[in-house]
Amino acid sequence: MVSALPTSSPASSLDEGDQNLDAAIESLLNVEKQMRLASDVAGTRKAAIDIVELCFKAGAWKTLNDQIMLLSKRRGQLKQAITAMVQKAMEYIDLTPDMETRIELIKTLSSVSAGKIYVEIERARLIKRLAKIKEEQGQIDEAADLMQEVAVETFGSMAKTEKIAFMLEQVRLCLDRQDYVRAQILSRKISPRVFDADPSKEKKKPKEGDNIVQDAPADIPSLLELKRIYYELMIRYYSHNNDYLEICRCYKSIYDIPSIKEDPAKWTPVLRKICWYLVLAPHDPMQSSLLNATLEDKNLSEIPNFKLLLKQLVTMEVIQWTKLWEFFKDEYENEKNYLGGALGAKAAEDLKLRIIEHNILVVSKYYSRITLKRLSDLLCLSLQEAEKHLSDMVNSKSLIAKIDRPMGVVCFRTAQDSNGILNSWATNLEKLLDLVEKSCHQIHKETMIHKAVLKA
């Protein structure tokens with residue numbers, strides 16, 4: 001008789017594999033214990049990494065999570081071993097078989113690194129990856145809450161560009177969830193002056209006792225690219241409140257980036273937006289300064305229609321709204337094809353309002369007193385509309401005026417108190433006496449010259 005050959009089922013082979021893995025891990029754990037008790041940093045670190053690699057090669061992801069937790073909680077565990085173990089396990093995140101396993105591994109590593117300053121950068125990167133996964137799953141609120149837990153501005157060993165990129169991601173997620181208050185708070189952690197630093201300068205060698213700053217990962221944008229992202233996010237924030245002047249200043253900062261200013265295809269749409277938001281911004285000293293600075297830009301001659309628009313605003317002449325809108329309507333509607341998209345119906349209403357305000361300011365320069373009827377004719381508005389816009393400007397303190405409604409007269413002269421009147425009189429008298437003194441000097445000079453000629 002032929003004896004039956006021994007056979008092994010797949011289940012039994014799996015059990016043998018698990019037993020071999022458990023035995024190998026147990027052996028390495030004993031080695032790790034000996035090295036740890038002997039305070040052998042290199043040996044402890046190698047034993048921890050070997051356990052992580054062994055679990056990965058066996059595809060035992062649950063065991064990997066369990067061993068990471070076990071090793072991190074061992075009595076007197078060396079921080080170098082925990083750092084090495086976390087860094088090694090992070091390399092396997094992209095190699096996980098499915099999303100559930102990936103999320104579980106990230107959560108395990110985050111839990112291990114929580115509260116440990118020597119792995120704070122690794123924890124920040126893990127949270128960022130987990131937040132990205134949550135965002136891809138449509139869970140914006142959860143992603144934003146995860147990112148807000150990490151205060152990277154306190155991390156001394158994190159690279160400046162990586163730190164800024166992380167905070168910008170926090171701001172973006174807050175804007176995506178329409179949490180504008182928190183977005184503003186987070187954005188204030190980034191000083192705009194940090195983008196003006198020269199990246200070409202050599203890094204200073206750290207002094208003894210200082211934290212060694214790690215290099216930023218390869219996927220982190222450059223400082224100038226981060227500057228563009230920062231101001232684009234701030235444009236989104238200020239657009240919520242229709243703060244046109246701040247939006248204009250953001251576009252101006254983007255426009256000054258060398259890579260954009262050197263390429264006409266990039267700076268043309270940005271310069272168009274600067275012009276539009278300058279016109280939409282309420283009149284004040286900052287707006288006036290930006291307006292005149294933009295008019296001096298040589299690149300503005302490449303878009304002559306916008307140069308004409310800005311020139312009309314600095315010229316002290318009444319602008320006819322209907323003619324202006326007919327001329328610039330096509331440009332306004334074409335703006336949707338450029339950077340930042342269309343301006344919208346609200347902006348069109350505000351544009352008309354700015355032209356009316358400009359016209360009122362022009363009238364106040366040429367008239368000290370004017371009837372409401374004449375003012376409404378100049379503004380091409382009804383009496384009620386003219387009075388309303390004039391009152392709004394007075395309330396916003398952009399204009400000083402008084403309306404005599406029974407008489408229907410507007411007075412643009414400022415009322416002076418007794419001290420102001422006396423000061424003006426004193427100034428006028430001083431000027432008068434100065435003129436008298438100069439006249440006497442000239443008469444005396446002519447007399448002396450005439451006497452000298454007669455003696456000769």
# chains A, B, ... in the order shown; residues from 1 in each chain; ligands from 1
>>> residues_around(residues="Leu146 of chain A", least_positions_apart="2", cutoff="9 Å", atoms="only C-alpha atoms", output="PyMOL selection string")
chain A and resi 127-128+130-131+141-144+148-150
>>> closest_residue(among="A:Ala159, A:Leu21, A:Leu233, A:Leu245", to="Arg172 of chain A", atoms="only C-alpha atoms")
A:Leu233
>>> atom_distance(atom1="atom CA of Val119 of chain A", atom2="atom CA of Arg188 of chain A")
26.0 Å
>>> atom_distance(atom1="atom CA of Glu357 of chain A", atom2="atom CA of Ser398 of chain A")
9.4 Å
>>> residues_around(residues="segment 323-334 of chain A", least_positions_apart="4", cutoff="12 Å", atoms="only C-alpha atoms", output="short mmCIF file (atom, residue, chain, number, x, y, z; two decimals) with all heavy atoms, in the first residue's frame")
data_model
loop_
_atom_site.label_atom_id
_atom_site.label_comp_id
_atom_site.auth_asym_id
_atom_site.auth_seq_id
_atom_site.Cartn_x
_atom_site.Cartn_y
_atom_site.Cartn_z
N PRO A 269 -4.22 90.16 -16.84
CA PRO A 269 -5.48 89.98 -16.09
C PRO A 269 -5.40 90.54 -14.67
O PRO A 269 -6.40 91.03 -14.15
CB PRO A 269 -5.70 88.46 -16.08
CG PRO A 269 -4.38 87.86 -16.39
CD PRO A 269 -3.66 88.85 -17.25
N ARG A 272 -5.79 94.33 -14.90
CA ARG A 272 -7.20 94.65 -15.16
C ARG A 272 -8.00 94.65 -13.86
O ARG A 272 -8.81 95.55 -13.60
CB ARG A 272 -7.80 93.62 -16.13
CG ARG A 272 -7.36 93.77 -17.58
CD ARG A 272 -7.86 92.60 -18.40
NE ARG A 272 -9.31 92.58 -18.47
CZ ARG A 272 -10.03 93.08 -19.48
NH1 ARG A 272 -9.42 93.62 -20.51
NH2 ARG A 272 -11.34 93.02 -19.46
N LYS A 273 -7.77 93.61 -13.03
CA LYS A 273 -8.49 93.52 -11.76
C LYS A 273 -8.12 94.69 -10.83
O LYS A 273 -8.97 95.22 -10.12
CB LYS A 273 -8.16 92.19 -11.07
CG LYS A 273 -8.92 90.99 -11.65
CD LYS A 273 -10.39 91.07 -11.30
CE LYS A 273 -11.15 89.80 -11.63
NZ LYS A 273 -11.25 89.51 -13.04
N CYS A 275 -7.31 97.69 -11.69
CA CYS A 275 -8.04 98.88 -12.18
C CYS A 275 -9.51 98.82 -11.80
O CYS A 275 -10.08 99.83 -11.32
CB CYS A 275 -7.89 98.98 -13.70
SG CYS A 275 -6.20 99.30 -14.25
N TRP A 276 -10.14 97.68 -11.98
CA TRP A 276 -11.57 97.58 -11.66
C TRP A 276 -11.81 97.83 -10.17
O TRP A 276 -12.71 98.59 -9.80
CB TRP A 276 -12.10 96.19 -12.03
CG TRP A 276 -12.49 96.03 -13.47
CD1 TRP A 276 -12.01 95.10 -14.36
CD2 TRP A 276 -13.45 96.80 -14.20
NE1 TRP A 276 -12.60 95.26 -15.58
CE2 TRP A 276 -13.50 96.29 -15.52
CE3 TRP A 276 -14.27 97.88 -13.88
CZ2 TRP A 276 -14.33 96.81 -16.50
CZ3 TRP A 276 -15.10 98.40 -14.86
CH2 TRP A 276 -15.12 97.87 -16.14
N TYR A 277 -11.01 97.19 -9.31
CA TYR A 277 -11.26 97.33 -7.87
C TYR A 277 -10.84 98.70 -7.35
O TYR A 277 -11.37 99.15 -6.33
CB TYR A 277 -10.56 96.21 -7.11
CG TYR A 277 -11.29 94.89 -7.25
CD1 TYR A 277 -10.77 93.85 -8.01
CD2 TYR A 277 -12.53 94.71 -6.66
CE1 TYR A 277 -11.46 92.65 -8.17
CE2 TYR A 277 -13.23 93.51 -6.80
CZ TYR A 277 -12.70 92.49 -7.55
OH TYR A 277 -13.39 91.32 -7.70
N ILE A 303 -3.15 98.36 -21.93
CA ILE A 303 -4.62 98.24 -21.86
C ILE A 303 -5.20 99.67 -21.80
O ILE A 303 -5.58 100.14 -20.72
CB ILE A 303 -5.06 97.37 -20.64
CG1 ILE A 303 -4.27 97.73 -19.37
CG2 ILE A 303 -4.91 95.90 -20.94
CD1 ILE A 303 -4.72 96.98 -18.13
N PRO A 304 -5.24 100.35 -22.94
CA PRO A 304 -5.59 101.79 -22.97
C PRO A 304 -6.96 102.12 -22.41
O PRO A 304 -7.16 103.21 -21.86
CB PRO A 304 -5.50 102.15 -24.46
CG PRO A 304 -5.59 100.84 -25.19
CD PRO A 304 -4.99 99.81 -24.28
N ASN A 305 -7.94 101.22 -22.55
CA ASN A 305 -9.28 101.50 -22.04
C ASN A 305 -9.27 101.71 -20.52
O ASN A 305 -9.97 102.59 -20.00
CB ASN A 305 -10.23 100.36 -22.38
CG ASN A 305 -10.61 100.37 -23.85
OD1 ASN A 305 -10.31 101.33 -24.57
ND2 ASN A 305 -11.25 99.32 -24.32
N PHE A 306 -8.45 100.92 -19.83
CA PHE A 306 -8.39 101.04 -18.38
C PHE A 306 -7.60 102.28 -17.96
O PHE A 306 -7.89 102.89 -16.93
CB PHE A 306 -7.78 99.78 -17.77
CG PHE A 306 -8.70 98.60 -17.83
CD1 PHE A 306 -8.71 97.76 -18.93
CD2 PHE A 306 -9.59 98.33 -16.81
CE1 PHE A 306 -9.57 96.67 -19.00
CE2 PHE A 306 -10.46 97.26 -16.86
CZ PHE A 306 -10.45 96.43 -17.97
N LYS A 307 -6.62 102.65 -18.77
CA LYS A 307 -5.89 103.89 -18.50
C LYS A 307 -6.83 105.09 -18.61
O LYS A 307 -6.80 106.01 -17.79
CB LYS A 307 -4.73 104.03 -19.47
CG LYS A 307 -3.80 105.18 -19.15
CD LYS A 307 -2.56 105.16 -20.03
CE LYS A 307 -1.59 106.26 -19.60
NZ LYS A 307 -0.36 106.24 -20.42
N LEU A 308 -7.70 105.04 -19.62
CA LEU A 308 -8.70 106.10 -19.81
C LEU A 308 -9.67 106.15 -18.63
O LEU A 308 -10.03 107.23 -18.15
CB LEU A 308 -9.45 105.86 -21.12
CG LEU A 308 -10.59 106.82 -21.45
CD1 LEU A 308 -10.06 108.24 -21.63
CD2 LEU A 308 -11.32 106.37 -22.70
N LEU A 309 -10.07 104.97 -18.14
CA LEU A 309 -11.00 104.90 -17.01
C LEU A 309 -10.41 105.53 -15.75
O LEU A 309 -11.06 106.33 -15.06
CB LEU A 309 -11.36 103.43 -16.74
CG LEU A 309 -12.28 103.15 -15.53
CD1 LEU A 309 -13.63 103.80 -15.73
CD2 LEU A 309 -12.43 101.65 -15.32
N LEU A 310 -9.14 105.22 -15.47
CA LEU A 310 -8.49 105.77 -14.28
C LEU A 310 -8.25 107.28 -14.42
O LEU A 310 -8.36 108.02 -13.45
CB LEU A 310 -7.16 105.06 -14.02
CG LEU A 310 -7.24 103.56 -13.68
CD1 LEU A 310 -5.87 103.04 -13.27
CD2 LEU A 310 -8.24 103.28 -12.57
N GLN A 312 -10.11 109.36 -15.99
CA GLN A 312 -11.38 110.05 -15.76
C GLN A 312 -11.63 110.27 -14.27
O GLN A 312 -12.22 111.28 -13.87
CB GLN A 312 -12.53 109.25 -16.37
CG GLN A 312 -12.62 109.39 -17.89
CD GLN A 312 -13.86 108.71 -18.44
OE1 GLN A 312 -14.00 107.49 -18.33
NE2 GLN A 312 -14.76 109.46 -19.02
N LEU A 313 -11.17 109.31 -13.45
CA LEU A 313 -11.40 109.43 -12.01
C LEU A 313 -10.50 110.46 -11.34
O LEU A 313 -10.87 111.03 -10.33
CB LEU A 313 -11.19 108.07 -11.32
CG LEU A 313 -12.34 107.06 -11.46
CD1 LEU A 313 -11.98 105.79 -10.75
CD2 LEU A 313 -13.63 107.61 -10.91
N VAL A 318 -17.11 116.24 -14.21
CA VAL A 318 -18.29 115.38 -14.01
C VAL A 318 -18.30 114.30 -15.09
O VAL A 318 -18.09 114.58 -16.27
CB VAL A 318 -19.58 116.21 -14.06
CG1 VAL A 318 -20.81 115.30 -14.04
CG2 VAL A 318 -19.63 117.19 -12.90
N ILE A 319 -18.53 113.04 -14.65
CA ILE A 319 -18.58 111.90 -15.59
C ILE A 319 -20.03 111.53 -15.84
O ILE A 319 -20.81 111.36 -14.89
CB ILE A 319 -17.82 110.69 -15.00
CG1 ILE A 319 -16.35 111.06 -14.71
CG2 ILE A 319 -17.90 109.50 -15.92
CD1 ILE A 319 -15.60 109.99 -13.92
N TYR A 338 -11.24 86.34 -17.46
CA TYR A 338 -9.92 86.59 -16.89
C TYR A 338 -9.83 86.06 -15.47
O TYR A 338 -10.80 85.57 -14.90
CB TYR A 338 -9.61 88.10 -16.92
CG TYR A 338 -9.39 88.63 -18.31
CD1 TYR A 338 -10.45 89.13 -19.06
CD2 TYR A 338 -8.12 88.63 -18.89
CE1 TYR A 338 -10.25 89.62 -20.34
CE2 TYR A 338 -7.92 89.12 -20.16
CZ TYR A 338 -8.98 89.61 -20.88
OH TYR A 338 -8.78 90.09 -22.15
N LEU A 339 -8.63 86.22 -14.91
CA LEU A 339 -8.34 85.76 -13.55
C LEU A 339 -9.36 86.30 -12.55
O LEU A 339 -9.69 87.46 -12.56
CB LEU A 339 -6.94 86.25 -13.15
CG LEU A 339 -6.50 85.99 -11.72
CD1 LEU A 339 -6.11 84.54 -11.54
CD2 LEU A 339 -5.33 86.89 -11.35
N GLY A 340 -9.87 85.43 -11.70
CA GLY A 340 -10.80 85.86 -10.65
C GLY A 340 -12.26 85.81 -11.04
O GLY A 340 -13.13 85.91 -10.19
N GLY A 341 -12.55 85.66 -12.33
CA GLY A 341 -13.93 85.53 -12.77
C GLY A 341 -14.68 86.84 -12.86
O GLY A 341 -14.12 87.93 -12.73
N ALA A 342 -15.99 86.73 -13.08
CA ALA A 342 -16.85 87.89 -13.28
C ALA A 342 -16.96 88.72 -12.00
O ALA A 342 -16.80 88.20 -10.89
CB ALA A 342 -18.22 87.43 -13.75
N LEU A 343 -17.28 90.01 -12.17
CA LEU A 343 -17.42 90.91 -11.03
C LEU A 343 -18.80 90.83 -10.39
O LEU A 343 -18.95 91.11 -9.21
CB LEU A 343 -17.11 92.34 -11.46
CG LEU A 343 -15.65 92.59 -11.88
CD1 LEU A 343 -15.50 93.98 -12.46
CD2 LEU A 343 -14.72 92.42 -10.71
N GLY A 344 -19.83 90.52 -11.17
CA GLY A 344 -21.17 90.34 -10.62
C GLY A 344 -22.01 91.60 -10.65
O GLY A 344 -21.53 92.71 -10.91
N ALA A 345 -23.33 91.41 -10.37
CA ALA A 345 -24.29 92.51 -10.43
C ALA A 345 -24.05 93.53 -9.32
O ALA A 345 -24.23 94.74 -9.52
CB ALA A 345 -25.71 91.96 -10.34
N ALA A 347 -21.24 94.48 -8.06
CA ALA A 347 -20.14 95.36 -8.44
C ALA A 347 -20.59 96.41 -9.44
O ALA A 347 -20.13 97.56 -9.41
CB ALA A 347 -18.99 94.53 -9.02
N ALA A 348 -21.52 96.05 -10.34
CA ALA A 348 -22.04 97.03 -11.30
C ALA A 348 -22.79 98.15 -10.59
O ALA A 348 -22.66 99.33 -10.95
CB ALA A 348 -22.94 96.32 -12.31
N GLU A 349 -23.57 97.79 -9.58
CA GLU A 349 -24.28 98.82 -8.80
C GLU A 349 -23.29 99.72 -8.05
O GLU A 349 -23.46 100.94 -7.99
CB GLU A 349 -25.22 98.14 -7.80
CG GLU A 349 -26.37 97.38 -8.45
CD GLU A 349 -27.18 96.59 -7.44
OE1 GLU A 349 -26.91 96.75 -6.22
OE2 GLU A 349 -28.07 95.83 -7.85
N LEU A 351 -20.23 100.32 -8.92
CA LEU A 351 -19.52 101.16 -9.89
C LEU A 351 -20.30 102.44 -10.17
O LEU A 351 -19.73 103.54 -10.20
CB LEU A 351 -19.30 100.36 -11.19
CG LEU A 351 -18.59 101.10 -12.33
CD1 LEU A 351 -17.19 101.54 -11.90
CD2 LEU A 351 -18.52 100.23 -13.58
N LYS A 352 -21.61 102.30 -10.36
CA LYS A 352 -22.45 103.49 -10.58
C LYS A 352 -22.41 104.41 -9.36
O LYS A 352 -22.35 105.64 -9.49
CB LYS A 352 -23.88 103.05 -10.86
CG LYS A 352 -24.82 104.21 -11.19
CD LYS A 352 -26.22 103.72 -11.51
CE LYS A 352 -27.14 104.90 -11.84
NZ LYS A 352 -28.52 104.46 -12.16
N ILE A 355 -19.20 106.46 -9.29
CA ILE A 355 -19.22 107.56 -10.26
C ILE A 355 -20.04 108.72 -9.71
O ILE A 355 -19.66 109.89 -9.85
CB ILE A 355 -19.78 107.07 -11.61
CG1 ILE A 355 -18.91 105.94 -12.20
CG2 ILE A 355 -19.90 108.22 -12.60
CD1 ILE A 355 -17.47 106.32 -12.41
N ILE A 356 -21.16 108.40 -9.07
CA ILE A 356 -21.99 109.46 -8.46
C ILE A 356 -21.20 110.18 -7.37
O ILE A 356 -21.21 111.41 -7.27
CB ILE A 356 -23.30 108.85 -7.89
CG1 ILE A 356 -24.19 108.35 -9.03
CG2 ILE A 356 -24.05 109.88 -7.05
CD1 ILE A 356 -25.39 107.52 -8.56
N CYS A 380 -27.44 113.92 -13.03
CA CYS A 380 -28.41 113.15 -13.82
C CYS A 380 -29.24 112.22 -12.92
O CYS A 380 -29.47 111.04 -13.24
CB CYS A 380 -27.72 112.33 -14.92
SG CYS A 380 -26.82 113.34 -16.08
#
>>> atom_distance(atom1="atom CA of Glu169 of chain A", atom2="atom CA of Ala151 of chain A")
12.4 Å
>>> closest_residue(among="A:Leu361, A:Leu399, A:Val410, A:Leu432", to="Lys373 of chain A", atoms="only C-alpha atoms")
A:Val410
>>> residues_around(residues="Arg182 of chain A", least_positions_apart="3", cutoff="12 Å", atoms="only C-alpha atoms", output="short mmCIF file (atom, residue, chain, number, x, y, z; two decimals) with N, CA and C atoms, in the first residue's frame")
data_model
loop_
_atom_site.label_atom_id
_atom_site.label_comp_id
_atom_site.auth_asym_id
_atom_site.auth_seq_id
_atom_site.Cartn_x
_atom_site.Cartn_y
_atom_site.Cartn_z
N ALA A 144 -11.40 70.56 8.41
CA ALA A 144 -11.03 71.86 9.00
C ALA A 144 -10.78 71.73 10.50
N ASP A 145 -11.61 70.95 11.19
CA ASP A 145 -11.43 70.77 12.64
C ASP A 145 -10.11 70.06 12.94
N GLN A 148 -7.17 72.57 12.49
CA GLN A 148 -7.13 73.64 13.48
C GLN A 148 -6.52 73.18 14.81
N MET A 167 -0.37 76.61 7.38
CA MET A 167 -1.33 77.63 7.85
C MET A 167 -2.24 78.09 6.71
N GLN A 170 -4.96 75.66 6.45
CA GLN A 170 -5.96 75.90 7.50
C GLN A 170 -6.92 77.01 7.08
N VAL A 171 -6.38 78.09 6.52
CA VAL A 171 -7.21 79.21 6.07
C VAL A 171 -8.14 78.77 4.94
N ARG A 172 -7.60 77.99 4.00
CA ARG A 172 -8.41 77.55 2.85
C ARG A 172 -9.59 76.69 3.29
N LEU A 173 -9.35 75.78 4.21
CA LEU A 173 -10.43 74.92 4.68
C LEU A 173 -11.50 75.72 5.43
N CYS A 174 -11.08 76.73 6.18
CA CYS A 174 -12.06 77.60 6.87
C CYS A 174 -12.90 78.37 5.86
N LEU A 175 -12.27 78.83 4.79
CA LEU A 175 -13.02 79.55 3.74
C LEU A 175 -13.96 78.59 3.02
N ASP A 176 -13.52 77.35 2.82
CA ASP A 176 -14.39 76.36 2.16
C ASP A 176 -15.63 76.04 2.99
N ARG A 177 -15.47 76.10 4.30
CA ARG A 177 -16.64 75.83 5.16
C ARG A 177 -17.36 77.12 5.54
N GLN A 178 -16.91 78.25 4.94
CA GLN A 178 -17.52 79.58 5.12
C GLN A 178 -17.42 80.05 6.58
N ASP A 179 -16.34 79.67 7.22
CA ASP A 179 -16.06 80.15 8.58
C ASP A 179 -15.09 81.33 8.45
N ILE A 185 -8.72 85.02 11.68
CA ILE A 185 -7.82 84.81 12.83
C ILE A 185 -6.58 84.03 12.41
N LEU A 186 -6.78 82.98 11.63
CA LEU A 186 -5.66 82.15 11.19
C LEU A 186 -4.76 82.90 10.22
N SER A 187 -5.36 83.72 9.35
CA SER A 187 -4.56 84.46 8.36
C SER A 187 -3.65 85.48 9.02
N ARG A 188 -4.05 85.98 10.19
CA ARG A 188 -3.23 86.98 10.89
C ARG A 188 -1.97 86.38 11.49
N LYS A 189 -1.90 85.06 11.55
CA LYS A 189 -0.68 84.41 12.03
C LYS A 189 0.45 84.51 11.00
N TYR A 237 -11.42 86.00 1.02
CA TYR A 237 -11.96 86.49 2.29
C TYR A 237 -12.55 87.89 2.14
#
>>> select_by_dssp(residues="segment 300-332 of chain A", states="helix (DSSP H, G or I)", output="PyMOL selection string")
chain A and resi 300-302+304-314+321-332
>>> write_last_selection(atoms="N, CA, C and O atoms", output="short mmCIF file (atom, residue, chain, number, x, y, z; two decimals), in the first residue's frame")
data_model
loop_
_atom_site.label_atom_id
_atom_site.label_comp_id
_atom_site.auth_asym_id
_atom_site.auth_seq_id
_atom_site.Cartn_x
_atom_site.Cartn_y
_atom_site.Cartn_z
N LEU A 300 0.33 99.95 -18.04
CA LEU A 300 -1.06 100.36 -18.20
C LEU A 300 -1.35 100.82 -19.63
O LEU A 300 -2.48 100.75 -20.09
N SER A 301 -0.31 101.25 -20.34
CA SER A 301 -0.50 101.68 -21.73
C SER A 301 -0.86 100.50 -22.64
O SER A 301 -1.37 100.70 -23.75
N GLU A 302 -0.61 99.27 -22.17
CA GLU A 302 -0.97 98.08 -22.96
C GLU A 302 -2.48 97.81 -22.91
O GLU A 302 -3.00 97.07 -23.75
N PRO A 304 -5.24 100.35 -22.94
CA PRO A 304 -5.59 101.79 -22.97
C PRO A 304 -6.96 102.12 -22.41
O PRO A 304 -7.16 103.21 -21.86
N ASN A 305 -7.94 101.22 -22.55
CA ASN A 305 -9.28 101.50 -22.04
C ASN A 305 -9.27 101.71 -20.52
O ASN A 305 -9.97 102.59 -20.00
N PHE A 306 -8.45 100.92 -19.83
CA PHE A 306 -8.39 101.04 -18.38
C PHE A 306 -7.60 102.28 -17.96
O PHE A 306 -7.89 102.89 -16.93
N LYS A 307 -6.62 102.65 -18.77
CA LYS A 307 -5.89 103.89 -18.50
C LYS A 307 -6.83 105.09 -18.61
O LYS A 307 -6.80 106.01 -17.79
N LEU A 308 -7.70 105.04 -19.62
CA LEU A 308 -8.70 106.10 -19.81
C LEU A 308 -9.67 106.15 -18.63
O LEU A 308 -10.03 107.23 -18.15
N LEU A 309 -10.07 104.97 -18.14
CA LEU A 309 -11.00 104.90 -17.01
C LEU A 309 -10.41 105.53 -15.75
O LEU A 309 -11.06 106.33 -15.06
N LEU A 310 -9.14 105.22 -15.47
CA LEU A 310 -8.49 105.77 -14.28
C LEU A 310 -8.25 107.28 -14.42
O LEU A 310 -8.36 108.02 -13.45
N LYS A 311 -7.93 107.71 -15.64
CA LYS A 311 -7.71 109.15 -15.87
C LYS A 311 -8.98 109.95 -15.63
O LYS A 311 -8.94 111.08 -15.14
N GLN A 312 -10.11 109.36 -15.99
CA GLN A 312 -11.38 110.05 -15.76
C GLN A 312 -11.63 110.27 -14.27
O GLN A 312 -12.22 111.28 -13.87
N LEU A 313 -11.17 109.31 -13.45
CA LEU A 313 -11.40 109.43 -12.01
C LEU A 313 -10.50 110.46 -11.34
O LEU A 313 -10.87 111.03 -10.33
N VAL A 314 -9.30 110.69 -11.89
CA VAL A 314 -8.41 111.69 -11.30
C VAL A 314 -8.64 113.08 -11.87
O VAL A 314 -8.13 114.06 -11.34
N TRP A 321 -22.61 108.93 -16.43
CA TRP A 321 -22.66 107.50 -16.16
C TRP A 321 -23.09 106.70 -17.40
O TRP A 321 -22.51 105.66 -17.70
N THR A 322 -24.09 107.17 -18.10
CA THR A 322 -24.61 106.41 -19.26
C THR A 322 -23.54 106.23 -20.33
O THR A 322 -23.36 105.15 -20.88
N LYS A 323 -22.79 107.32 -20.61
CA LYS A 323 -21.73 107.23 -21.63
C LYS A 323 -20.60 106.30 -21.15
O LYS A 323 -20.07 105.51 -21.94
N LEU A 324 -20.26 106.41 -19.88
CA LEU A 324 -19.20 105.56 -19.34
C LEU A 324 -19.59 104.08 -19.41
O LEU A 324 -18.78 103.24 -19.81
N TRP A 325 -20.81 103.77 -19.03
CA TRP A 325 -21.26 102.38 -19.02
C TRP A 325 -21.34 101.82 -20.43
O TRP A 325 -20.99 100.66 -20.66
N GLU A 326 -21.79 102.62 -21.37
CA GLU A 326 -21.83 102.15 -22.77
C GLU A 326 -20.44 101.81 -23.28
O GLU A 326 -20.25 100.83 -24.01
N PHE A 327 -19.46 102.61 -22.87
CA PHE A 327 -18.09 102.40 -23.36
C PHE A 327 -17.43 101.20 -22.70
O PHE A 327 -16.70 100.44 -23.35
N PHE A 328 -17.68 101.00 -21.39
CA PHE A 328 -16.97 99.95 -20.65
C PHE A 328 -17.81 98.71 -20.37
O PHE A 328 -17.34 97.80 -19.68
N LYS A 329 -19.01 98.66 -20.89
CA LYS A 329 -19.89 97.52 -20.61
C LYS A 329 -19.29 96.21 -21.14
O LYS A 329 -19.31 95.18 -20.46
N ASP A 330 -18.74 96.26 -22.36
CA ASP A 330 -18.14 95.06 -22.94
C ASP A 330 -16.93 94.58 -22.13
O ASP A 330 -16.75 93.38 -21.90
N GLU A 331 -16.11 95.54 -21.70
CA GLU A 331 -14.94 95.18 -20.87
C GLU A 331 -15.38 94.54 -19.56
O GLU A 331 -14.77 93.59 -19.08
N TYR A 332 -16.45 95.08 -19.00
CA TYR A 332 -16.97 94.57 -17.73
C TYR A 332 -17.46 93.14 -17.88
O TYR A 332 -17.18 92.27 -17.05
#
>>> closest_atom_pairs(of="segment 110-221 of chain A", to="segment 85-94 of chain A", cutoff="9 Å", atoms="only C-alpha atoms", output="Markdown table")
| residue | atom | partner | partner_atom | distance |
| --- | --- | --- | --- | --- |
| A:Val112 | CA | A:Val86 | CA | 8.2 |
| A:Ser113 | CA | A:Val86 | CA | 7.8 |
| A:Val119 | CA | A:Val86 | CA | 8.1 |
| A:Glu122 | CA | A:Gln87 | CA | 7.3 |
| A:Leu126 | CA | A:Met90 | CA | 8.1 |
>>> residues_around(residues="Leu54 of chain A", least_positions_apart="4", cutoff="9 Å", atoms="only C-alpha atoms", output="list in words")
Leu21, Ala24, Ile25, Ile49, Asp50, Ala58, Gly59, Ala60 and Leu64 of chain A
>>> closest_residue(among="A:Trp267, A:Tyr251, A:Tyr366, A:Phe166", to="Glu153 of chain A", atoms="only C-alpha atoms")
A:Phe166
>>> residues_around(residues="Leu223 of chain A", least_positions_apart="6", cutoff="12 Å", atoms="only C-alpha atoms", output="list in words")
Ala159, Lys160, Thr161, Glu162, Lys163, Ile164, Ala165, Pro192, Arg193, Val194, Phe195, Asp196, Ala197, Asp198, Pro199, Ser200, Ala216, Ile229, Tyr230 and Ile257 of chain A
>>> residues_around(residues="Lys261 of chain A", least_positions_apart="3", cutoff="12 Å", atoms="only C-alpha atoms", output="ChimeraX atom specification")
/A:251-258,264-271,297-299
